[in-house]
file query_27.csv (CSV, C-alpha atoms and all ligand atoms)
chain,number,residue,atom,x,y,z
A,126,MET,CA,-26.0,-21.6,-11.2
A,127,ARG,CA,-24.5,-18.6,-13.0
A,128,LEU,CA,-21.0,-17.4,-14.0
A,129,ALA,CA,-20.9,-14.9,-11.2
A,130,HIS,CA,-21.2,-17.9,-8.8
A,131,CYS,CA,-18.2,-19.7,-10.2
A,132,ASN,CA,-15.2,-19.3,-7.9
A,133,ASN,CA,-13.0,-22.2,-8.9
A,134,PHE,CA,-12.4,-25.0,-11.4
A,135,HIS,CA,-15.1,-27.2,-10.0
A,136,ASP,CA,-17.8,-24.5,-10.3
A,137,PHE,CA,-16.9,-23.9,-13.9
A,138,ARG,CA,-16.9,-27.7,-14.6
A,139,GLU,CA,-20.3,-28.0,-13.1
A,140,LEU,CA,-21.7,-25.1,-15.1
A,141,ALA,CA,-20.2,-26.6,-18.3
A,142,ARG,CA,-21.7,-30.0,-17.4
A,143,ARG,CA,-25.2,-28.4,-17.1
A,144,ARG,CA,-24.9,-26.5,-20.5
A,145,LEU,CA,-23.2,-29.1,-22.7
A,146,PRO,CA,-24.7,-32.2,-24.3
A,147,GLY,CA,-23.2,-35.2,-22.4
A,148,PRO,CA,-21.0,-36.4,-25.3
A,149,ILE,CA,-19.3,-33.0,-25.6
A,150,PHE,CA,-18.8,-32.6,-21.9
A,151,ASN,CA,-17.3,-36.1,-21.7
A,152,TYR,CA,-15.0,-35.4,-24.6
A,153,ILE,CA,-13.5,-32.5,-22.6
A,154,ASP,CA,-13.7,-34.1,-19.2
A,155,GLY,CA,-12.6,-37.6,-20.2
A,156,ALA,CA,-9.2,-39.2,-20.6
A,157,ALA,CA,-7.6,-42.5,-21.6
A,158,ASP,CA,-8.3,-46.1,-20.3
A,159,ASP,CA,-9.0,-46.0,-16.6
A,160,GLU,CA,-8.1,-42.3,-16.3
A,161,VAL,CA,-5.4,-43.0,-13.7
A,162,THR,CA,-2.9,-40.5,-15.1
A,163,TYR,CA,-5.7,-37.9,-15.4
A,164,ARG,CA,-6.4,-38.2,-11.6
A,165,ARG,CA,-2.7,-38.3,-10.7
A,166,ASN,CA,-2.0,-35.0,-12.6
A,167,THR,CA,-3.9,-33.0,-10.0
A,168,ALA,CA,-3.2,-35.2,-7.1
A,169,SER,CA,0.6,-34.9,-7.7
A,170,PHE,CA,0.5,-31.3,-6.4
A,171,ASP,CA,-0.7,-32.5,-3.0
A,172,ASP,CA,2.5,-34.5,-2.4
A,173,CYS,CA,4.4,-31.4,-1.5
A,174,ASP,CA,3.8,-28.4,0.7
A,175,LEU,CA,4.7,-24.7,0.3
A,176,LEU,CA,7.0,-23.3,2.9
A,177,PRO,CA,6.3,-19.5,3.2
A,178,SER,CA,8.6,-16.8,4.3
A,179,VAL,CA,7.2,-13.8,6.2
A,180,LEU,CA,7.8,-10.1,6.7
A,181,ARG,CA,9.3,-9.6,3.3
A,182,GLY,CA,7.6,-6.4,2.1
A,183,VAL,CA,5.3,-7.7,-0.5
A,184,SER,CA,3.0,-4.8,-1.4
A,185,ASP,CA,3.8,-5.2,-5.1
A,186,VAL,CA,3.9,-8.5,-6.9
A,187,ASP,CA,5.1,-8.9,-10.4
A,188,LEU,CA,3.7,-12.1,-12.0
A,189,SER,CA,5.5,-11.7,-15.4
A,190,VAL,CA,7.7,-14.3,-17.0
A,191,THR,CA,9.6,-14.6,-20.3
A,192,ILE,CA,9.4,-17.9,-22.1
A,193,MET,CA,10.9,-18.7,-25.5
A,194,GLY,CA,11.5,-15.0,-26.0
A,195,GLN,CA,7.8,-14.1,-25.2
A,196,LYS,CA,7.1,-11.7,-22.3
A,197,LEU,CA,3.9,-12.9,-20.5
A,198,ALA,CA,2.1,-10.9,-17.8
A,199,LEU,CA,1.2,-14.2,-16.1
A,200,PRO,CA,3.1,-17.4,-15.6
A,201,VAL,CA,0.2,-19.4,-17.1
A,202,TYR,CA,-0.9,-19.7,-20.7
A,203,CYS,CA,-3.8,-21.3,-22.6
A,204,SER,CA,-2.5,-24.6,-24.0
A,205,PRO,CA,-3.7,-25.5,-27.5
A,206,THR,CA,-6.9,-27.6,-27.6
A,207,ALA,CA,-9.0,-28.9,-30.5
A,208,LEU,CA,-12.6,-28.2,-31.6
A,209,GLN,CA,-13.3,-25.1,-29.4
A,210,ARG,CA,-16.3,-23.9,-31.4
A,211,LEU,CA,-18.1,-27.1,-30.4
A,212,PHE,CA,-17.8,-26.0,-26.7
A,213,HIS,CA,-19.0,-22.4,-27.3
A,214,HIS,CA,-19.8,-20.8,-30.6
A,215,ASP,CA,-17.0,-18.2,-30.1
A,216,GLY,CA,-14.4,-20.9,-29.5
A,217,GLU,CA,-10.8,-19.8,-30.2
A,218,ARG,CA,-12.0,-16.2,-30.7
A,219,ALA,CA,-13.1,-16.1,-27.1
A,220,VAL,CA,-10.0,-17.8,-25.7
A,221,ALA,CA,-7.6,-15.6,-27.8
A,222,ALA,CA,-9.4,-12.4,-26.7
A,223,ALA,CA,-9.3,-13.4,-23.0
A,224,ALA,CA,-5.6,-14.4,-23.2
A,225,SER,CA,-4.9,-11.1,-24.9
A,226,ALA,CA,-6.8,-9.1,-22.2
A,227,PHE,CA,-4.6,-10.8,-19.6
A,228,GLY,CA,-1.4,-10.3,-21.6
A,229,THR,CA,-0.7,-14.0,-21.9
A,230,MET,CA,-0.1,-16.6,-24.6
A,231,PHE,CA,-2.6,-18.9,-26.3
A,232,GLY,CA,-2.2,-21.9,-28.5
A,233,VAL,CA,-4.1,-22.7,-31.7
A,234,SER,CA,-4.5,-26.4,-32.5
A,235,SER,CA,-4.0,-28.0,-35.8
A,236,LEU,CA,-7.6,-29.1,-35.1
A,237,GLY,CA,-8.7,-25.6,-34.2
A,238,THR,CA,-12.0,-24.2,-35.5
A,239,VAL,CA,-10.8,-20.7,-36.2
A,240,SER,CA,-7.9,-19.9,-38.6
A,241,LEU,CA,-4.6,-19.0,-37.1
A,242,GLU,CA,-4.4,-16.0,-39.5
A,243,GLU,CA,-7.6,-14.5,-38.2
A,244,LEU,CA,-6.5,-14.8,-34.6
A,245,ARG,CA,-3.1,-13.4,-35.5
A,246,ARG,CA,-4.7,-10.3,-37.1
A,247,ALA,CA,-7.0,-9.8,-34.1
A,248,HIS,CA,-4.5,-10.0,-31.3
A,249,ALA,CA,-0.9,-9.0,-30.6
A,250,THR,CA,-0.4,-11.3,-27.7
A,251,PRO,CA,2.0,-14.2,-28.2
A,252,GLN,CA,0.5,-17.0,-30.3
A,253,VAL,CA,1.6,-20.7,-30.4
A,254,TYR,CA,0.7,-22.9,-33.3
A,255,GLN,CA,0.3,-26.5,-32.3
A,256,PHE,CA,1.5,-28.9,-35.1
A,257,TYR,CA,0.7,-32.5,-35.8
A,258,PHE,CA,3.2,-34.2,-38.1
A,259,HIS,CA,1.6,-35.8,-41.2
A,260,LYS,CA,2.7,-38.7,-43.4
A,261,ASP,CA,2.5,-36.3,-46.3
A,262,ARG,CA,5.7,-34.3,-46.0
A,263,GLY,CA,4.5,-31.8,-48.6
A,264,LEU,CA,1.5,-31.0,-46.3
A,265,ASN,CA,3.9,-30.5,-43.4
A,266,ARG,CA,6.0,-28.1,-45.3
A,267,ALA,CA,2.8,-26.2,-46.5
A,268,MET,CA,1.5,-25.9,-42.9
A,269,LEU,CA,4.9,-24.7,-41.6
A,270,GLN,CA,5.1,-22.1,-44.3
A,271,ARG,CA,1.5,-21.0,-43.6
A,272,ALA,CA,2.3,-20.5,-39.9
A,273,LYS,CA,5.5,-18.6,-40.8
A,274,ASP,CA,3.5,-16.3,-43.2
A,275,ALA,CA,1.0,-15.7,-40.4
A,276,ARG,CA,3.9,-14.7,-38.1
A,277,VAL,CA,3.1,-17.2,-35.4
A,278,ASP,CA,5.5,-16.6,-32.4
A,279,VAL,CA,6.1,-20.2,-31.3
A,280,MET,CA,5.9,-23.5,-33.2
A,281,MET,CA,4.8,-26.3,-30.8
A,282,LEU,CA,5.1,-29.8,-32.1
A,283,THR,CA,3.0,-32.3,-30.1
A,284,VAL,CA,4.9,-35.6,-29.8
A,285,ASP,CA,2.8,-37.6,-27.4
A,286,SER,CA,0.0,-38.3,-30.0
A,287,ILE,CA,1.8,-40.6,-32.4
A,288,THR,CA,-1.5,-42.6,-32.3
A,289,GLY,CA,-4.9,-41.7,-30.7
A,290,GLY,CA,-5.5,-42.5,-27.0
A,291,ASN,CA,-8.2,-44.9,-25.9
A,292,ARG,CA,-10.9,-42.5,-24.7
A,293,GLU,CA,-13.6,-44.9,-23.6
A,294,ARG,CA,-16.1,-42.2,-22.6
A,295,ASP,CA,-16.1,-41.2,-26.3
A,296,LEU,CA,-16.6,-44.8,-27.4
A,297,ARG,CA,-19.7,-45.0,-25.1
A,298,THR,CA,-21.3,-41.8,-26.4
A,299,GLY,CA,-20.2,-42.2,-30.0
A,300,PHE,CA,-18.5,-38.8,-29.9
A,301,SER,CA,-16.5,-38.2,-33.1
A,302,ILE,CA,-16.2,-35.7,-35.9
A,303,PRO,CA,-18.3,-36.0,-38.0
A,304,PHE,CA,-20.8,-37.0,-35.3
A,305,ARG,CA,-21.6,-40.7,-35.1
A,306,LEU,CA,-23.6,-40.8,-31.9
A,307,THR,CA,-24.9,-43.8,-30.1
A,308,LEU,CA,-28.6,-43.8,-29.2
A,309,ALA,CA,-27.6,-42.8,-25.7
A,310,GLY,CA,-25.5,-40.0,-27.2
A,311,ILE,CA,-28.4,-38.7,-29.3
A,312,VAL,CA,-30.6,-38.6,-26.2
A,313,GLN,CA,-28.0,-36.6,-24.4
A,314,PHE,CA,-28.1,-34.0,-27.3
A,315,ALA,CA,-31.9,-34.0,-27.3
A,316,ILE,CA,-32.1,-33.0,-23.6
A,317,LYS,CA,-29.9,-30.0,-24.2
A,318,PRO,CA,-31.8,-28.2,-27.0
A,319,ALA,CA,-30.3,-24.8,-26.2
A,320,TRP,CA,-26.9,-26.0,-27.2
A,321,GLY,CA,-28.2,-27.5,-30.5
A,322,LEU,CA,-30.1,-24.3,-31.4
A,323,ASN,CA,-27.0,-22.2,-30.7
A,324,TYR,CA,-24.9,-24.5,-32.7
A,325,VAL,CA,-27.0,-24.4,-35.9
A,326,MET,CA,-27.5,-20.6,-35.6
A,327,HIS,CA,-23.8,-19.9,-35.8
A,328,GLU,CA,-21.1,-20.2,-38.4
A,329,ARG,CA,-20.8,-23.7,-39.8
A,330,PHE,CA,-18.3,-26.0,-38.1
A,331,SER,CA,-15.0,-26.2,-39.9
A,332,LEU,CA,-11.3,-27.0,-39.3
A,333,PRO,CA,-9.6,-24.1,-41.2
A,334,GLN,CA,-6.0,-25.3,-40.4
A,335,LEU,CA,-6.8,-28.5,-42.3
A,336,ASP,CA,-9.8,-28.0,-44.5
A,337,ALA,CA,-7.7,-27.4,-47.6
A,338,HIS,CA,-6.0,-30.7,-47.2
A,339,VAL,CA,-8.4,-33.1,-45.4
A,340,ASP,CA,-12.1,-33.8,-46.1
A,341,PHE,CA,-13.8,-34.1,-42.7
A,342,GLY,CA,-17.1,-32.8,-44.2
A,343,SER,CA,-18.4,-36.0,-45.7
A,344,ASP,CA,-18.2,-39.4,-44.0
A,345,ALA,CA,-14.8,-39.8,-45.6
A,346,LEU,CA,-12.7,-39.2,-42.4
A,347,SER,CA,-13.3,-39.0,-38.7
A,348,ILE,CA,-11.0,-37.2,-36.3
A,349,GLY,CA,-10.1,-40.6,-34.9
A,350,ARG,CA,-9.1,-41.9,-38.3
A,351,TYR,CA,-7.2,-38.6,-39.0
A,352,PHE,CA,-4.8,-39.6,-36.2
A,353,THR,CA,-4.4,-43.2,-37.4
A,354,ASP,CA,-4.5,-42.6,-41.2
A,355,MET,CA,-2.8,-39.2,-41.7
A,356,LEU,CA,-0.4,-38.7,-38.9
A,357,ASP,CA,3.0,-40.3,-39.2
A,358,PRO,CA,4.0,-42.9,-36.5
A,359,SER,CA,7.4,-43.3,-38.2
A,360,MET,CA,8.4,-39.7,-37.2
A,361,THR,CA,11.9,-39.6,-35.7
A,362,TRP,CA,14.3,-37.1,-34.2
A,363,ASP,CA,15.8,-36.6,-37.7
A,364,ASP,CA,12.4,-35.4,-39.0
A,365,VAL,CA,12.0,-33.0,-36.0
A,366,GLU,CA,15.6,-31.7,-36.5
A,367,GLU,CA,14.8,-30.8,-40.1
A,368,MET,CA,11.6,-29.1,-39.0
A,369,VAL,CA,13.4,-27.1,-36.3
A,370,ARG,CA,15.9,-25.9,-39.0
A,371,ASP,CA,13.1,-25.0,-41.5
A,372,TRP,CA,11.2,-23.1,-38.8
A,373,ASP,CA,14.2,-21.2,-37.8
A,374,GLY,CA,12.6,-19.6,-34.7
A,375,GLN,CA,11.1,-20.5,-31.3
A,376,PHE,CA,10.4,-24.2,-31.4
A,377,CYS,CA,8.9,-26.2,-28.7
A,378,LEU,CA,8.2,-30.0,-28.2
A,379,LYS,CA,5.0,-30.7,-26.3
A,380,GLY,CA,4.7,-34.1,-24.6
A,381,VAL,CA,8.4,-34.8,-23.8
A,382,MET,CA,8.8,-36.6,-20.5
A,383,SER,CA,12.1,-38.4,-20.2
A,384,VAL,CA,15.5,-36.8,-19.4
A,385,ASP,CA,17.1,-38.4,-22.5
A,386,ASP,CA,14.4,-36.9,-24.7
A,387,ALA,CA,14.7,-33.5,-23.1
A,388,LYS,CA,18.5,-33.6,-23.8
A,389,ARG,CA,17.9,-34.6,-27.3
A,390,ALA,CA,15.4,-31.7,-27.8
A,391,ALA,CA,18.1,-29.3,-26.6
A,392,ALA,CA,20.7,-30.9,-28.8
A,393,ILE,CA,18.6,-30.4,-32.0
A,394,GLY,CA,17.9,-26.7,-31.2
A,395,CYS,CA,14.5,-26.7,-29.6
A,396,THR,CA,14.1,-23.6,-27.4
A,397,GLY,CA,11.4,-25.1,-25.2
A,398,ILE,CA,9.8,-28.3,-24.1
A,399,VAL,CA,6.4,-28.8,-22.3
A,400,LEU,CA,6.3,-31.8,-20.0
A,401,SER,CA,2.9,-33.1,-20.6
A,402,ASN,CA,0.8,-36.3,-20.8
A,403,HIS,CA,-1.9,-34.5,-22.8
A,404,GLY,CA,-4.2,-34.2,-19.8
A,405,GLY,CA,-4.1,-37.9,-19.3
A,406,ARG,CA,-5.7,-38.4,-22.7
A,407,GLN,CA,-3.0,-40.5,-24.4
A,408,LEU,CA,-0.9,-43.0,-22.4
A,409,ASP,CA,-2.8,-43.9,-19.2
A,410,GLY,CA,-0.4,-44.9,-16.4
A,411,SER,CA,2.2,-42.5,-17.6
A,412,ARG,CA,3.9,-40.2,-15.1
A,413,ALA,CA,2.4,-36.8,-14.1
A,414,ALA,CA,4.4,-33.9,-15.5
A,415,PHE,CA,4.7,-32.4,-12.0
A,416,ASP,CA,6.3,-35.6,-10.7
A,417,GLN,CA,8.8,-35.6,-13.5
A,418,LEU,CA,9.6,-31.9,-13.5
A,419,ALA,CA,12.6,-31.6,-11.1
A,420,GLU,CA,14.6,-34.4,-12.9
A,421,VAL,CA,14.2,-32.7,-16.3
A,422,VAL,CA,14.8,-29.1,-15.1
A,423,ASP,CA,18.1,-30.3,-13.5
A,424,ALA,CA,19.2,-32.0,-16.7
A,425,VAL,CA,18.3,-29.3,-19.3
A,426,GLY,CA,16.9,-26.2,-17.5
A,427,ASP,CA,20.0,-24.2,-18.4
A,428,ARG,CA,19.7,-25.1,-22.1
A,429,LEU,CA,16.0,-24.5,-22.9
A,430,ASP,CA,12.8,-23.3,-21.3
A,431,VAL,CA,11.0,-26.1,-19.4
A,432,MET,CA,7.3,-25.8,-19.1
A,433,MET,CA,4.6,-28.2,-17.9
A,434,ASP,CA,0.9,-28.9,-18.0
A,435,GLY,CA,-1.7,-31.3,-16.6
A,436,GLY,CA,-4.1,-31.1,-13.8
A,437,VAL,CA,-3.6,-27.4,-12.9
A,438,GLN,CA,-6.6,-26.1,-11.1
A,439,ARG,CA,-5.2,-23.6,-8.6
A,440,GLY,CA,-2.7,-20.7,-8.2
A,441,THR,CA,-0.8,-22.9,-5.6
A,442,HIS,CA,-0.4,-25.6,-8.2
A,443,VAL,CA,1.3,-23.1,-10.4
A,444,LEU,CA,3.5,-21.8,-7.6
A,445,LYS,CA,4.6,-25.4,-6.8
A,446,ALA,CA,5.6,-26.0,-10.5
A,447,LEU,CA,7.4,-22.7,-10.8
A,448,SER,CA,9.3,-23.4,-7.5
A,449,LEU,CA,10.6,-26.7,-9.0
A,450,GLY,CA,11.9,-24.8,-12.0
A,451,ALA,CA,9.1,-24.7,-14.6
A,452,LYS,CA,9.3,-21.3,-16.5
A,453,ALA,CA,5.5,-21.3,-17.1
A,454,VAL,CA,2.5,-23.6,-16.8
A,455,GLY,CA,-0.1,-24.6,-19.4
A,456,LEU,CA,-3.8,-24.6,-18.7
A,457,GLY,CA,-6.2,-27.0,-20.5
A,458,ARG,CA,-9.5,-27.9,-18.9
A,459,TYR,CA,-9.1,-25.0,-16.5
A,460,TYR,CA,-10.1,-22.6,-19.3
A,461,LEU,CA,-12.1,-25.0,-21.5
A,462,PHE,CA,-14.9,-25.5,-18.9
A,463,PRO,CA,-15.3,-21.7,-18.4
A,464,LEU,CA,-15.3,-21.4,-22.3
A,465,ALA,CA,-18.1,-23.9,-22.5
A,466,ALA,CA,-20.0,-22.3,-19.5
A,467,ALA,CA,-19.9,-18.7,-20.7
A,468,GLY,CA,-17.6,-18.0,-23.7
A,469,GLN,CA,-15.1,-15.1,-23.5
A,470,ALA,CA,-16.6,-13.8,-20.2
A,471,GLY,CA,-16.1,-17.3,-18.7
A,472,VAL,CA,-12.4,-17.6,-19.8
A,473,GLU,CA,-11.8,-14.0,-18.5
A,474,ARG,CA,-13.3,-14.8,-15.2
A,475,ALA,CA,-11.2,-18.0,-14.9
A,476,LEU,CA,-8.0,-16.1,-15.7
A,477,ALA,CA,-9.0,-13.3,-13.3
A,478,LEU,CA,-9.5,-15.8,-10.6
A,479,ILE,CA,-6.1,-17.5,-11.1
A,480,LYS,CA,-4.4,-14.2,-11.4
A,481,ALA,CA,-5.9,-13.1,-8.0
A,482,GLU,CA,-4.9,-16.4,-6.5
A,483,LEU,CA,-1.4,-16.1,-7.8
A,484,GLU,CA,-1.1,-12.5,-6.4
A,485,ARG,CA,-2.5,-13.5,-3.1
A,486,ASP,CA,-0.4,-16.7,-2.8
A,487,MET,CA,2.8,-14.9,-3.8
A,488,LYS,CA,2.2,-12.4,-1.0
A,489,LEU,CA,1.5,-15.2,1.5
A,490,MET,CA,4.7,-16.9,0.3
A,491,GLY,CA,6.7,-13.7,0.8
A,492,CYS,CA,7.7,-13.4,-2.8
A,493,ARG,CA,7.6,-10.3,-5.1
A,494,THR,CA,8.8,-11.8,-8.3
A,495,ILE,CA,8.5,-15.3,-9.9
A,496,SER,CA,12.3,-15.6,-9.8
A,497,GLU,CA,12.2,-15.5,-6.0
A,498,LEU,CA,10.4,-18.9,-6.0
A,499,SER,CA,12.7,-21.8,-5.5
A,500,ARG,CA,12.9,-25.4,-4.2
A,501,ALA,CA,13.9,-23.9,-0.8
A,502,ASN,CA,10.2,-23.0,-0.4
A,503,LEU,CA,8.9,-26.5,-1.1
A,504,ARG,CA,8.9,-29.7,1.1
A,505,PHE,CA,7.9,-33.1,-0.2
A,506,ARG,CA,6.0,-35.2,2.3
B,601,LIG,C1,-10.7,-31.2,-25.0
B,601,LIG,C2,-9.2,-31.2,-25.2
B,601,LIG,C3,-8.6,-31.1,-26.4
B,601,LIG,C4,-7.2,-31.0,-26.6
B,601,LIG,N1,-6.7,-30.9,-27.8
B,601,LIG,C5,-5.3,-30.8,-28.0
B,601,LIG,C6,-4.8,-30.6,-29.3
B,601,LIG,O1,-5.5,-30.4,-30.3
B,601,LIG,N2,-3.4,-30.6,-29.4
B,601,LIG,C7,-2.6,-30.7,-28.3
B,601,LIG,O2,-1.4,-30.7,-28.4
B,601,LIG,N3,-3.1,-30.9,-27.0
B,601,LIG,C8,-4.5,-30.9,-26.9
B,601,LIG,N4,-5.0,-31.1,-25.6
B,601,LIG,C9,-4.1,-31.2,-24.4
B,601,LIG,C10,-3.9,-29.8,-23.8
B,601,LIG,O3,-3.1,-29.0,-24.7
B,601,LIG,C11,-3.1,-29.9,-22.5
B,601,LIG,O4,-1.9,-30.6,-22.7
B,601,LIG,C12,-3.9,-30.6,-21.4
B,601,LIG,O5,-5.3,-30.3,-21.5
B,601,LIG,C13,-3.4,-30.3,-20.0
B,601,LIG,O6,-4.1,-30.9,-19.0
B,601,LIG,P1,-5.4,-30.3,-18.2
B,601,LIG,O7,-6.5,-30.2,-19.1
B,601,LIG,O8,-5.5,-31.2,-17.0
B,601,LIG,O9,-4.9,-28.9,-17.8
B,601,LIG,C14,-6.4,-31.2,-25.4
B,601,LIG,C15,-7.0,-31.3,-24.2
B,601,LIG,C16,-8.3,-31.3,-24.0
B,601,LIG,C17,-8.9,-31.4,-22.6
call {"tool": "encode", "arguments": {"input": "query_27.csv", "output": "structure tokens", "more": "lines below"}}
Ligand SMILES: Cc1cc2nc3c(=O)[nH]c(=O)nc-3n(C[C@H](O)[C@H](O)[C@H](O)COP(=O)(O)O)c2cc1C
result
Amino acid sequence: MRLAHCNNFHDFRELARRRLPGPIFNYIDGAADDEVTYRRNTASFDDCDLLPSVLRGVSDVDLSVTIMGQKLALPVYCSPTALQRLFHHDGERAVAAAASAFGTMFGVSSLGTVSLEELRRAHATPQVYQFYFHKDRGLNRAMLQRAKDARVDVMMLTVDSITGGNRERDLRTGFSIPFRLTLAGIVQFAIKPAWGLNYVMHERFSLPQLDAHVDFGSDALSIGRYFTDMLDPSMTWDDVEEMVRDWDGQFCLKGVMSVDDAKRAAAIGCTGIVLSNHGGRQLDGSRAAFDQLAEVVDAVGDRLDVMMDGGVQRGTHVLKALSLGAKAVGLGRYYLFPLAAAGQAGVERALALIKAELERDMKLMGCRTISELSRANLRFR
């Protein structure tokens, strides 16, 4: 199987599965507890149908949207994800270059493996910095200032990870940073020697957003313990309000789900929220963002930009979310599997495929611009 034969999410996932050692594949593919929320995320899109209009003169389709002051050529963006150089040696460099080639936004995680400054210098396309809130307030201020100095376009504070999710696939394989593999996990690495060779022949693994503050190099701290020991579970709305004031720019909360929280986000000056359950990786049994979308859009859609992520695998999933009122849709595993399968070329192929699907599906829906999509073209079963 080769990249040229990948035509959808499932093909990329399969190619990634063949190339990655099991513990790394399962880190990407897995989710919390029984993975109920993970499955519901994609299934939620099947509970409604698109209702097309015909004969509308659709030779030209404009897929662009503006979110949080950023003009994107596509209504999808690459949501921030951790540890990308473990999946492919080019990691964030490949994702940023592909996002830039398609005129869309990409996120850099606090647990990213390439520095936000390097990516900012390399690409003019809108860049999000995904922030985790630490117990050490001095560290938070330093990280905020660093992102400001780098001229990041959007600050995105993740609020659904106040403690780490229970990822049982990782417990089984022993996946952690630094690696603490179980015997079964070691065997999985041994049978994928190409990955190992590639890994040791490229730049040493590091977490440049945090390296100056946190020692992951020795056995001192694992990423799991980073969440429990260093992040601040006492974080409240007052802390976030202060952060919004200090940032003084586009500020987005990722992982808001309830209407009350969405209203609170608007009240403290956030310019965007992402409805998200972290790809099912945190609270299993929590609602899918698509199921919750209409309620939140109705409550705050006129006060801030509402986005969503989780389970998106097709252009039609994106059109359904936009029809309900999302301003744009985040992609996670949709671009991570292609990254693992083939680096920048993989991510570019995945973005090209979803762009082609969106263009085709917009025409079939009888819509020329994203603003022409509405609830009138959806029916729930
Ligand atoms: C391997 C992996 C790592 C992730 N790392 C982060 C992260 O560091 N910060 C964050 O806010 N979200 C992170 N996420 C969540 C994504 O940003 C996004 O919310 C989620 O992947 C969307 O679901 P999907 O993968 O079904 O599209 C991660 C997701 C995956 C799959």
call {"tool": "residues_near_ligand", "arguments": {"input": "query_27.csv", "ligand": "ligand LIG 601 (chain B)", "cutoff": "9 Å", "atoms": "only C-alpha atoms and all ligand atoms", "output": "PyMOL selection string"}}
result
chain A and resi 149-156+163-164+166-167+203-209+212+232-237+255-257+281-286+379-380+399-406+433-438+455-461
call {"tool": "residues_around", "arguments": {"input": "query_27.csv", "residues": "A:Asp158", "least_positions_apart": "3", "cutoff": "12 Å", "atoms": "all atoms listed in the file", "output": "PDB file with C-alpha atoms, in the frame of the given file"}}
result
ATOM      1  CA  GLY A 155     -12.600 -37.600 -20.200  1.00  0.00           C
ATOM      2  CA  VAL A 161      -5.400 -43.000 -13.700  1.00  0.00           C
ATOM      3  CA  THR A 162      -2.900 -40.500 -15.100  1.00  0.00           C
ATOM      4  CA  TYR A 163      -5.700 -37.900 -15.400  1.00  0.00           C
ATOM      5  CA  ARG A 164      -6.400 -38.200 -11.600  1.00  0.00           C
ATOM      6  CA  GLY A 289      -4.900 -41.700 -30.700  1.00  0.00           C
ATOM      7  CA  GLY A 290      -5.500 -42.500 -27.000  1.00  0.00           C
ATOM      8  CA  ASN A 291      -8.200 -44.900 -25.900  1.00  0.00           C
ATOM      9  CA  ARG A 292     -10.900 -42.500 -24.700  1.00  0.00           C
ATOM     10  CA  GLU A 293     -13.600 -44.900 -23.600  1.00  0.00           C
ATOM     11  CA  ARG A 294     -16.100 -42.200 -22.600  1.00  0.00           C
ATOM     12  CA  ASP A 295     -16.100 -41.200 -26.300  1.00  0.00           C
ATOM     13  CA  LEU A 296     -16.600 -44.800 -27.400  1.00  0.00           C
ATOM     14  CA  GLY A 405      -4.100 -37.900 -19.300  1.00  0.00           C
ATOM     15  CA  ARG A 406      -5.700 -38.400 -22.700  1.00  0.00           C
ATOM     16  CA  GLN A 407      -3.000 -40.500 -24.400  1.00  0.00           C
ATOM     17  CA  LEU A 408      -0.900 -43.000 -22.400  1.00  0.00           C
ATOM     18  CA  ASP A 409      -2.800 -43.900 -19.200  1.00  0.00           C
ATOM     19  CA  GLY A 410      -0.400 -44.900 -16.400  1.00  0.00           C
ATOM     20  CA  SER A 411       2.200 -42.500 -17.600  1.00  0.00           C
TER      21      SER A 411
END
call {"tool": "closest_residue", "arguments": {"input": "query_27.csv", "among": "A:Ala129, A:Gly216, A:Arg165, A:Asp371", "to": "A:Ala413", "atoms": "all atoms listed in the file"}}
result
A:Arg165
call {"tool": "residues_around", "arguments": {"input": "query_27.csv", "residues": "stretch 190-192 of chain A", "least_positions_apart": "2", "cutoff": "10 Å", "atoms": "only C-alpha atoms", "output": "VMD selection string"}}
result
chain A and resid 187 to 188 194 to 201 229 to 230 375 396 to 397 429 to 432 452 to 453 494 to 496
call {"tool": "closest_residue", "arguments": {"input": "query_27.csv", "among": "A:Ala309, A:Leu335, A:Ile302, A:Cys377", "to": "A:Arg350", "atoms": "only C-alpha atoms"}}
result
A:Ile302
call {"tool": "atom_distance", "arguments": {"input": "query_27.csv", "atom1": "atom CA of A:Lys260", "atom2": "atom CA of A:Ala390"}}
result
21.3 Å
call {"tool": "atom_distance", "arguments": {"input": "query_27.csv", "atom1": "atom CA of A:His213", "atom2": "atom CA of A:Gly147"}}
result
14.3 Å
call {"tool": "residues_around", "arguments": {"input": "query_27.csv", "residues": "A:Gly471", "least_positions_apart": "6", "cutoff": "10 Å", "atoms": "all atoms listed in the file", "output": "ChimeraX atom specification"}}
result
/A:128-129,131,137,219-220,223,460-465,477
call {"tool": "atom_distance", "arguments": {"input": "query_27.csv", "atom1": "atom CA of A:Ser225", "atom2": "atom CA of A:His442"}}
result
22.6 Å
call {"tool": "closest_residue", "arguments": {"input": "query_27.csv", "among": "A:Met126, A:Met193, A:Leu241, A:Leu332", "to": "A:Arg143", "atoms": "only C-alpha atoms"}}
result
A:Met126
call {"tool": "closest_residue", "arguments": {"input": "query_27.csv", "among": "A:Cys395, A:Met382, A:Val472, A:Val454", "to": "A:Val421", "atoms": "all atoms listed in the file"}}
result
A:Met382
call {"tool": "closest_residue", "arguments": {"input": "query_27.csv", "among": "A:Ile348, A:Leu264, A:Val325, A:Ala247", "to": "A:Arg305", "atoms": "all atoms listed in the file"}}
result
A:Ile348
